[in-house]
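Quick look at target19.cif (mmCIF, C-alpha atoms):
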data_structure
#
loop_
_atom_site.label_atom_id
_atom_site.label_comp_id
_atom_site.auth_asym_id
_atom_site.auth_seq_id
_atom_site.Cartn_x
_atom_site.Cartn_y
_atom_site.Cartn_z
CA MET L 294 103.16 95.84 76.34
CA ALA L 295 104.24 92.42 77.58
CA GLU L 296 101.67 89.93 78.73
CA ARG L 297 99.89 90.56 82.04
CA ASP L 298 100.07 87.07 83.51
CA GLY L 299 100.48 87.78 87.23
CA ASP L 300 96.88 88.36 88.30
CA GLY L 301 95.34 85.58 90.34
CA TRP L 302 95.18 84.12 93.82
CA VAL L 303 97.77 81.74 95.22
CA HIS L 304 97.10 79.30 98.03
CA CYS L 305 100.37 79.67 99.86
CA ASP L 306 102.32 77.14 101.92
CA CYS L 307 101.72 79.45 104.91
CA GLY L 308 98.02 78.58 104.73
CA ALA L 309 96.87 81.97 103.47
CA LYS L 310 95.61 83.10 100.10
CA HIS L 311 97.72 85.82 98.42
CA TRP L 312 97.28 87.95 95.30
CA GLY L 313 99.84 87.45 92.57
CA VAL L 314 100.67 84.11 90.96
CA ASN L 315 104.30 85.26 90.59
CA GLY L 316 104.39 87.09 93.90
CA ALA L 317 103.72 90.77 94.37
CA ALA L 318 105.50 94.08 94.86
CA GLY L 319 104.70 97.57 96.07
CA ILE L 320 106.47 100.88 96.47
CA LEU L 321 106.88 103.04 99.55
CA LEU L 322 107.59 106.56 98.37
CA VAL L 323 109.43 108.81 100.78
CA ASP L 324 110.14 112.53 100.92
CA VAL L 325 113.32 112.59 103.01
CA GLU L 326 113.31 116.37 103.44
CA HIS L 327 109.89 116.36 105.12
CA ASP L 328 110.17 112.89 106.76
CA VAL L 329 106.92 111.68 105.20
CA ALA L 330 105.81 108.64 103.22
CA LEU L 331 103.02 108.30 100.69
CA LEU L 332 100.17 105.97 101.59
CA GLN L 333 96.90 105.28 99.82
CA LEU L 334 93.53 104.52 101.36
CA ARG L 335 92.41 101.41 99.50
CA ALA L 336 88.93 101.31 97.98
CA GLU L 337 86.41 99.18 99.85
CA TRP L 338 86.17 96.53 97.11
CA THR L 339 89.93 95.82 97.02
CA HIS L 340 91.85 93.23 99.03
CA GLY L 341 92.33 94.90 102.41
CA GLY L 342 89.83 97.59 101.47
CA GLN L 343 89.41 100.67 103.66
CA THR L 344 92.94 100.31 105.02
CA TRP L 345 96.05 102.34 104.29
CA GLY L 346 98.71 100.74 102.14
CA ILE L 347 101.20 101.39 99.41
CA PRO L 348 100.71 101.16 95.65
CA GLY L 349 101.36 97.60 94.65
CA GLY L 350 100.08 94.40 93.19
CA ALA L 351 100.80 91.20 91.32
CA ARG L 352 104.10 90.71 89.51
CA ASP L 353 104.03 89.49 85.95
CA SER L 354 106.41 86.66 85.06
CA HIS L 355 108.71 88.92 83.03
CA GLU L 356 109.01 91.65 85.70
CA SER L 357 111.49 92.29 88.47
CA ALA L 358 110.05 93.46 91.78
CA VAL L 359 111.12 97.03 90.99
CA GLN L 360 109.50 96.94 87.55
CA ALA L 361 106.24 95.62 89.01
CA ALA L 362 106.20 98.20 91.81
CA ILE L 363 106.79 101.07 89.38
CA ARG L 364 104.10 99.77 87.01
CA GLU L 365 101.62 99.57 89.89
CA LEU L 366 102.56 103.09 90.98
CA GLU L 367 101.88 104.43 87.50
CA GLU L 368 98.55 102.57 87.34
CA GLU L 369 97.30 103.46 90.81
CA LEU L 370 98.62 106.98 91.42
CA LYS L 371 99.63 108.17 87.93
CA ILE L 372 103.18 108.91 89.13
CA THR L 373 105.59 108.12 86.33
CA HIS L 374 108.86 106.22 86.76
CA ASP L 375 110.98 109.21 85.76
CA LEU L 376 109.90 111.07 88.93
CA VAL L 377 111.06 108.29 91.27
CA ASP L 378 114.57 107.53 92.50
CA VAL L 379 114.49 103.85 93.52
CA ILE L 380 116.92 103.34 96.39
CA HIS L 381 116.15 99.97 97.99
CA ASP L 382 114.29 96.69 97.48
CA VAL L 383 113.21 95.05 100.74
CA LEU L 384 112.03 91.44 100.94
CA LEU L 385 110.28 91.08 104.30
CA THR L 386 107.54 88.66 103.26
CA ASP L 387 108.89 85.44 101.78
CA HIS L 388 106.79 82.29 102.13
CA GLY L 389 108.78 80.27 99.63
CA THR L 390 105.90 79.79 97.21
CA TRP L 391 104.90 83.47 97.41
CA SER L 392 106.75 86.67 98.26
CA TYR L 393 106.12 90.41 98.48
CA HIS L 394 108.85 92.95 97.78
CA THR L 395 108.64 96.49 99.10
CA VAL L 396 110.58 98.93 96.98
CA ILE L 397 111.64 102.20 98.62
CA GLY L 398 111.76 105.22 96.38
CA LEU L 399 112.34 108.93 96.76
CA LEU L 400 109.80 111.48 95.57
CA GLY L 401 109.12 115.04 96.66
CA SER L 402 105.85 115.58 98.53
CA THR L 403 104.97 118.35 96.08
CA ALA L 404 104.30 115.73 93.39
CA ALA L 405 100.74 115.81 92.08
CA LEU L 406 98.64 112.94 93.40
CA GLU L 407 95.86 111.33 91.38
CA VAL L 408 94.22 108.07 92.41
CA ASN L 409 92.54 105.44 90.27
CA GLU L 410 89.51 103.32 91.22
CA GLU L 411 91.60 101.15 93.56
CA SER L 412 92.07 104.02 96.03
CA VAL L 413 89.91 106.53 97.83
CA GLU L 414 92.79 108.94 98.44
CA ALA L 415 96.56 109.24 98.67
CA ARG L 416 98.25 111.22 101.42
CA TRP L 417 101.73 112.11 102.65
CA ILE L 418 101.97 110.95 106.27
CA SER L 419 104.70 111.50 108.85
CA ILE L 420 106.79 108.34 109.10
CA GLU L 421 106.46 108.50 112.89
CA GLU L 422 102.64 108.57 112.68
CA ILE L 423 102.09 105.74 110.18
CA HIS L 424 101.76 103.08 112.90
CA GLY L 425 98.64 104.89 114.15
CA PHE L 426 96.75 104.40 110.87
CA ASP L 427 94.55 101.41 110.06
CA LEU L 428 97.16 99.72 107.86
CA HIS L 429 96.61 97.00 105.27
CA PRO L 430 97.33 93.74 107.14
CA GLY L 431 100.39 92.95 105.00
CA LEU L 432 101.89 96.39 105.65
CA ALA L 433 100.99 96.31 109.35
CA GLU L 434 102.81 93.01 109.74
CA VAL L 435 106.10 94.28 108.33
CA TRP L 436 105.89 97.98 109.28
CA PRO L 437 108.22 97.87 112.33
CA GLU L 438 111.03 96.22 110.34
CA LEU L 439 110.28 98.24 107.20
CA LYS L 440 110.42 101.45 109.23
CA ARG L 441 113.77 100.40 110.74
CA GLN L 442 115.23 99.73 107.29
CA LEU L 443 113.68 102.92 105.96
CA ARG L 444 115.39 104.91 108.73
CA GLU L 445 118.74 103.32 107.82
CA VAL L 446 118.28 104.26 104.17
CA ILE L 447 117.26 107.82 105.06
CA ASP L 448 120.14 108.25 107.53
CA ALA L 449 122.62 107.03 104.92
CA ARG L 450 121.39 109.65 102.44
CA GLN L 451 121.70 112.60 104.83
#
Can you dump the structure from the file as structure tokens?
Amino acid sequence: MAERDGDGWVHCDCGAKHWGVNGAAGILLVDVEHDVALLQLRAEWTHGGQTWGIPGGARDSHESAVQAAIRELEEELKITHDLVDVIHDVLLTDHGTWSYHTVIGLLGSTAALEVNEESVEARWISIEEIHGFDLHPGLAEVWPELKRQLREVIDARQ
């Protein structure tokens, strides 16, 4: 395994503190047939604890955003890369010195879900109902635009 050198806080030009010295990435898994997305309820001790988010975390220096998102998915929900069809990489948070990529991937909602210590649970949620959940602040900030792009991707695949 290559070196894990991405963990750590960054004091960003935007004035905030972000996790991931090389930026960060996460993955939004979607089941197009059932119009649902997979969210995880973050453990209390994590950044943004007790909010709903997507599997994700710090990028290592040798990783692309997609590679980092898939690695985090495997770590946090035990879903292996071979079950996911990556279809889009969205950059909605770019502060120059720090960025967060959201990767969109396809996965059937019948996939077995297993959480690690970073999550309390994982759940398939209707895309139209996600805005009503207590979302991780980073996800809440980009959700309207992410949902719009997600709808475009889904519509193009149908």
For stretch 309-331 of chain L versus stretch 382-394 of chain L, which residues have an atom no more than 6 Å away, and what is each residue's nearest atom pair and distance in Å rounded to one decimal, using only C-alpha atoms, chain-then-number order, as a tab-separated table?
residue	atom	partner	partner_atom	distance
L:Gly316	CA	L:Ser392	CA	5.0
L:Ala317	CA	L:Tyr393	CA	4.8
L:Ala318	CA	L:His394	CA	4.6
Kindly save the residues from that selection, with C-alpha atoms included, as an mmCIF file, in the frame of the given file.
data_model
loop_
_atom_site.group_PDB
_atom_site.id
_atom_site.type_symbol
_atom_site.label_atom_id
_atom_site.label_comp_id
_atom_site.auth_asym_id
_atom_site.auth_seq_id
_atom_site.Cartn_x
_atom_site.Cartn_y
_atom_site.Cartn_z
ATOM 1 C CA GLY L 316 104.390 87.090 93.900
ATOM 2 C CA ALA L 317 103.720 90.770 94.370
ATOM 3 C CA ALA L 318 105.500 94.080 94.860
#
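Taken over the shown file, the PyMOL selection byres ((chain L and resi 435) around 12) identifies Gly346, Val383, Leu384, Leu385, Thr386, Asp387, Tyr393, His394, Thr395, His424, Leu428, His429, Pro430, Gly431, Leu432, Ala433, Glu434, Trp436, Pro437, Glu438, Leu439, Lys440, Arg441, Gln442 and Leu443 of chain L.
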Please dump the current selection as a PDB file, in the frame of the given file; keep C-alpha atoms.
ATOM      1  CA  GLY L 346      98.710 100.740 102.140  1.00  0.00           C
ATOM      2  CA  VAL L 383     113.210  95.050 100.740  1.00  0.00           C
ATOM      3  CA  LEU L 384     112.030  91.440 100.940  1.00  0.00           C
ATOM      4  CA  LEU L 385     110.280  91.080 104.300  1.00  0.00           C
ATOM      5  CA  THR L 386     107.540  88.660 103.260  1.00  0.00           C
ATOM      6  CA  ASP L 387     108.890  85.440 101.780  1.00  0.00           C
ATOM      7  CA  TYR L 393     106.120  90.410  98.480  1.00  0.00           C
ATOM      8  CA  HIS L 394     108.850  92.950  97.780  1.00  0.00           C
ATOM      9  CA  THR L 395     108.640  96.490  99.100  1.00  0.00           C
ATOM     10  CA  HIS L 424     101.760 103.080 112.900  1.00  0.00           C
ATOM     11  CA  LEU L 428      97.160  99.720 107.860  1.00  0.00           C
ATOM     12  CA  HIS L 429      96.610  97.000 105.270  1.00  0.00           C
ATOM     13  CA  PRO L 430      97.330  93.740 107.140  1.00  0.00           C
ATOM     14  CA  GLY L 431     100.390  92.950 105.000  1.00  0.00           C
ATOM     15  CA  LEU L 432     101.890  96.390 105.650  1.00  0.00           C
ATOM     16  CA  ALA L 433     100.990  96.310 109.350  1.00  0.00           C
ATOM     17  CA  GLU L 434     102.810  93.010 109.740  1.00  0.00           C
ATOM     18  CA  TRP L 436     105.890  97.980 109.280  1.00  0.00           C
ATOM     19  CA  PRO L 437     108.220  97.870 112.330  1.00  0.00           C
ATOM     20  CA  GLU L 438     111.030  96.220 110.340  1.00  0.00           C
ATOM     21  CA  LEU L 439     110.280  98.240 107.200  1.00  0.00           C
ATOM     22  CA  LYS L 440     110.420 101.450 109.230  1.00  0.00           C
ATOM     23  CA  ARG L 441     113.770 100.400 110.740  1.00  0.00           C
ATOM     24  CA  GLN L 442     115.230  99.730 107.290  1.00  0.00           C
ATOM     25  CA  LEU L 443     113.680 102.920 105.960  1.00  0.00           C
TER      26      LEU L 443
END
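Across the model, the gap from atom CA of L:Gly319 to atom CA of L:Leu366 is 7.8 Å.
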Evaluate the PyMOL selection byres ((chain L and resi 400) around 10) and record the selected residues as a JSON list (two decimals) with C-alpha atoms, keeping the file's coordinate frame, following the chain and residue labels used in the document.
[["chain", "number", "residue", "atom", "x", "y", "z"],
["L", 321, "LEU", "CA", 106.88, 103.04, 99.55],
["L", 322, "LEU", "CA", 107.59, 106.56, 98.37],
["L", 323, "VAL", "CA", 109.43, 108.81, 100.78],
["L", 324, "ASP", "CA", 110.14, 112.53, 100.92],
["L", 325, "VAL", "CA", 113.32, 112.59, 103.01],
["L", 326, "GLU", "CA", 113.31, 116.37, 103.44],
["L", 330, "ALA", "CA", 105.81, 108.64, 103.22],
["L", 331, "LEU", "CA", 103.02, 108.30, 100.69],
["L", 372, "ILE", "CA", 103.18, 108.91, 89.13],
["L", 376, "LEU", "CA", 109.90, 111.07, 88.93],
["L", 377, "VAL", "CA", 111.06, 108.29, 91.27],
["L", 378, "ASP", "CA", 114.57, 107.53, 92.50],
["L", 379, "VAL", "CA", 114.49, 103.85, 93.52],
["L", 397, "ILE", "CA", 111.64, 102.20, 98.62],
["L", 398, "GLY", "CA", 111.76, 105.22, 96.38],
["L", 399, "LEU", "CA", 112.34, 108.93, 96.76],
["L", 401, "GLY", "CA", 109.12, 115.04, 96.66],
["L", 402, "SER", "CA", 105.85, 115.58, 98.53],
["L", 403, "THR", "CA", 104.97, 118.35, 96.08],
["L", 404, "ALA", "CA", 104.30, 115.73, 93.39]]
Q.
Restricting the calculation to only C-alpha atoms: of L:Asp427, L:Glu369, L:Asp328, L:Asp353, which residue gets closest to L:Ala415?
A. L:Glu369
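Atom CA of L:Ile320 is found 6.3 Å from atom CA of L:Gly349.
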(Q) List as a PyMOL selection string the protein and nucleic acid residues near L:Thr339, meaning an atom at most 10 Å away when all atoms listed in the file are counted, but skip any in the same chain fewer than 6 places from it. (A) chain L and resi 410-412
For the residues in the current selection, export C-alpha atoms as an mmCIF file, in the coordinates of the input.
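Once written, again.cif looks like this:
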data_model
loop_
_atom_site.group_PDB
_atom_site.id
_atom_site.type_symbol
_atom_site.label_atom_id
_atom_site.label_comp_id
_atom_site.auth_asym_id
_atom_site.auth_seq_id
_atom_site.Cartn_x
_atom_site.Cartn_y
_atom_site.Cartn_z
ATOM 1 C CA GLU L 410 89.510 103.320 91.220
ATOM 2 C CA GLU L 411 91.600 101.150 93.560
ATOM 3 C CA SER L 412 92.070 104.020 96.030
#
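Proximity ranking of L:Asn315, L:Ser419, L:Gln343, L:Asn409 relative to L:Lys371 places L:Asn409 first, based on all atoms listed in the file.
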